[in-house]
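Below you'll find the structure, written out as structure tokens, and then a few comments.
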Amino acid sequence: MSSLELEGQLSILRTRLQALQPTGRYLIIDTVSNRLYLKQGDTLLLEAVCSTGSGERLITDQGEWTFKTPRGKFRIRSKVRDPVWRKPDWAFLEKGLSIPVNDGERFVKGALGDWALGLGDGYFIHGTPYTRLLGQSVSHGCIRLHNRDLGIVAEHVMIGDLVYIF
Amino acid sequence: MFVLLLLSTIWLSSPSSDHTRLQESVQFLTLHLRLAEEEEMPYLLIRDGSLQFFIEGVRLEEIPVSGVTRVSGPSVQLASVDRVEIHFPERHPHLDGSYPEISLESTASVFRIHMSDGSEIVILSKYLKDALEEFLQRGKRVPLDIYLQPQFSSSSLTFVIMEEEHLHHFRHHVKAGMKILY
């Protein structure tokens with residue numbers, strides 16, 4: 001293949017890679033440094049400290065859980081203002097409590113901050129009362145943000161926007 | 001010496017070497033596109049003196065490096081991480097059987113990425129590189145890669161030098177199964 005043909009091929013490959021770039025706003029979440037980046041193209045709109053999954057395991061008679069934040073490409077699937085947390089089984093079991101029979105005992109107001117942005121499979125970007133722990137890997141898999149940053153993120157992203165977690 | 005320098009300069013800028021570089025770039029970008037379209041998990045590119053993490057063609061982070069040296073192996077490689085190993089070079093003898101005089105208190109100055117195809121990427125902190133080079137200047141006066149090469153068994157070996165602060169961050173991002181194109 002001649003140099004000219006190779007140059008042409010390079011140009012095609014670059015164009016195809018460029019076509020994969022998100023056109024709207026998107027989020028990048030770094031689970032090692034616990035940082036969230038709100039971007040549009042190459043422009044950084046917000047950098048925020050977050051908390052991601054601790055990686056710890058909970059093994060009980062009633063099930064096993066690993067509290068990791070999943071990596072890969074996701075989309076914002078839901079946006080809920082003033083969310084109410086429905087505590088999953090592990091939230092009771094890790095405190096040595098039994099799983100409630102009455103479902104009403106699972107609901108907690110205010111624990112998730114002002115917004116919950118759903119990523120699917122029970123994972124959310126939400127607020128936290130434990131702001132002093134931001135920057136550490138301490139969550140059960142969700143991405144915790146300070147309410148101030150969460151408000152900015154919620155204002156800028158829409159359902160369907162991309163979230164890259166690595 | 002001057003003639004050799006002139007010849008090497010002419011060779012480096014010759015059309016054939018330009019053509020080879022173009023071929024390598026096409027090969028690299030073709031593999032990158034394939035990764036971008038097929039790989040769902042984060043992957044790593046080592047190219048043009050930097051390390052870059054991607055998911056599906058979108059660059060997530062770029063980590064600056066001080067240098068990348070491909071000691072041996074093909075010019076373009078794509079493989080998965082088999083395992084990552086912390087390595088303590090002070091425990092390994094020199095070529096003459098003696099041990100380095102330098103004290104390396106840091107527990108993560110070097111780590112080795114063992115790839116699924118048997119190749120190896122060795123990440124060294126710049127601190128360690130400088131310390132080793134200072135040691136070598138006092139003693140054997142051999143280039144660092146030649147000095148270090150006997151300590152590694154892989155027939156395909158690449159050294160990456162980076163600042164200590166980046167090294168720790170980078171190390172935690174590299175996981176078994178991650179694809180690396182370099």
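Labeling convention for the structure tokens: chains A, B, ... as they appear, residues from 1 per chain, ligands from 1 in order of appearance.
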
Mind running chain B against chain A at 9 Å and telling me each contacting residue's nearest atom pair with the distance in Å (one decimal), counting only C-alpha atoms, chain and number ascending, as a Markdown table?
```
| residue | atom | partner | partner_atom | distance |
| --- | --- | --- | --- | --- |
| B:Asp18 | CA | A:Ser3 | CA | 8.5 |
| B:His19 | CA | A:Ser3 | CA | 6.0 |
| B:Leu22 | CA | A:Leu6 | CA | 6.5 |
| B:Gln23 | CA | A:Leu6 | CA | 6.8 |
| B:Ser25 | CA | A:Leu10 | CA | 7.4 |
| B:Val26 | CA | A:Leu10 | CA | 5.6 |
| B:Leu29 | CA | A:Leu13 | CA | 6.4 |
| B:Thr30 | CA | A:Leu13 | CA | 6.7 |
| B:His32 | CA | A:Leu17 | CA | 8.4 |
| B:Leu33 | CA | A:Leu17 | CA | 6.3 |
| B:Ala36 | CA | A:Leu17 | CA | 7.8 |
| B:Glu37 | CA | A:Leu20 | CA | 8.7 |
| B:Glu40 | CA | A:Gly72 | CA | 6.1 |
| B:Met41 | CA | A:Gly72 | CA | 4.9 |
| B:Pro42 | CA | A:Phe166 | CA | 6.1 |
| B:Phe53 | CA | A:Phe166 | CA | 8.3 |
| B:Phe54 | CA | A:Phe166 | CA | 8.6 |
| B:Ile55 | CA | A:Gly72 | CA | 6.7 |
| B:Glu56 | CA | A:Leu20 | CA | 7.3 |
| B:Gly57 | CA | A:Leu20 | CA | 6.1 |
| B:Val58 | CA | A:Gln21 | CA | 5.9 |
| B:Arg59 | CA | A:Gln21 | CA | 8.8 |
| B:Leu60 | CA | A:Ile28 | CA | 6.6 |
| B:Glu61 | CA | A:Asp30 | CA | 8.7 |
| B:His169 | CA | A:Val32 | CA | 6.9 |
| B:Phe170 | CA | A:Val32 | CA | 8.7 |
| B:His172 | CA | A:Val32 | CA | 6.5 |
| B:His173 | CA | A:Val32 | CA | 6.6 |
```

### Task
Please provide as a VMD selection string all residues within 8 Å of range 43-46 of chain B, with the sequence filter that same-chain residues fewer than 6 positions apart are discarded (counting only C-alpha atoms).
chain B and resid 35 52 to 55 178 to 182

For the selection just defined, write its residues with C-alpha atoms to a file, as a CSV table (one decimal), in the first residue's frame.
```
chain,number,residue,atom,x,y,z
B,35,LEU,CA,-11.5,-2.0,20.6
B,52,GLN,CA,-4.8,7.1,28.0
B,53,PHE,CA,-7.9,5.3,29.4
B,54,PHE,CA,-10.9,4.9,27.1
B,55,ILE,CA,-14.3,3.4,27.0
B,178,MET,CA,-8.1,-5.0,30.9
B,179,LYS,CA,-7.1,-4.6,27.3
B,180,ILE,CA,-3.9,-2.6,26.5
B,181,LEU,CA,-3.0,-1.4,23.1
B,182,TYR,CA,0.6,-0.2,22.9
```

### Query
Do you know which residues are at most 8 Å from range 68-76 of chain B counting only C-alpha atoms, after dropping those on the same chain fewer than 2 positions away, and could you put them as a PyMOL selection string?
chain B and resi 24+27-28+49+65-66+78+119+145+155-161+181-182

### Which of range 1-137 of chain A DSSP labels alpha helix (DSSP H), written as a list in words
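Filtering range 1-137 of chain A to alpha helix (DSSP H) leaves Ser3, Leu4, Glu5, Leu6, Glu7, Gly8, Gln9, Leu10, Ser11, Ile12, Leu13, Arg14, Thr15, Arg16, Leu17, Gln18, Asp89, Trp90, Ala91, Phe92 and Leu93 of chain A.
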
### Test item: residues at most 10 Å from Thr60 in chain A, only C-alpha atoms, excluding those fewer than 2 positions along its chain, as a PyMOL selection string
chain A and resi 57-58+62-65+90+93-94+96

### Query
How many Å separate CA of Val110 in chain B from CA of Leu144 in chain B?
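Pair CA of Val110 in chain B / CA of Leu144 in chain B returns 13.8 Å.
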
### Task
List every residue of range 6-84 of chain A that DSSP, applied to the backbone of this structure, assigns to strand (DSSP E or B), and report them as an NGL selection string.
:A and (25-30 or 35-40 or 43-51 or 53 or 57-60 or 63-66 or 72-75 or 78-81 or 84)

### Query
Smallest atom-to-atom distance to Leu36 in chain A: which of A:Asp89, A:Val157, A:Ser98, A:Ser51, using only C-alpha atoms?
A:Ser51
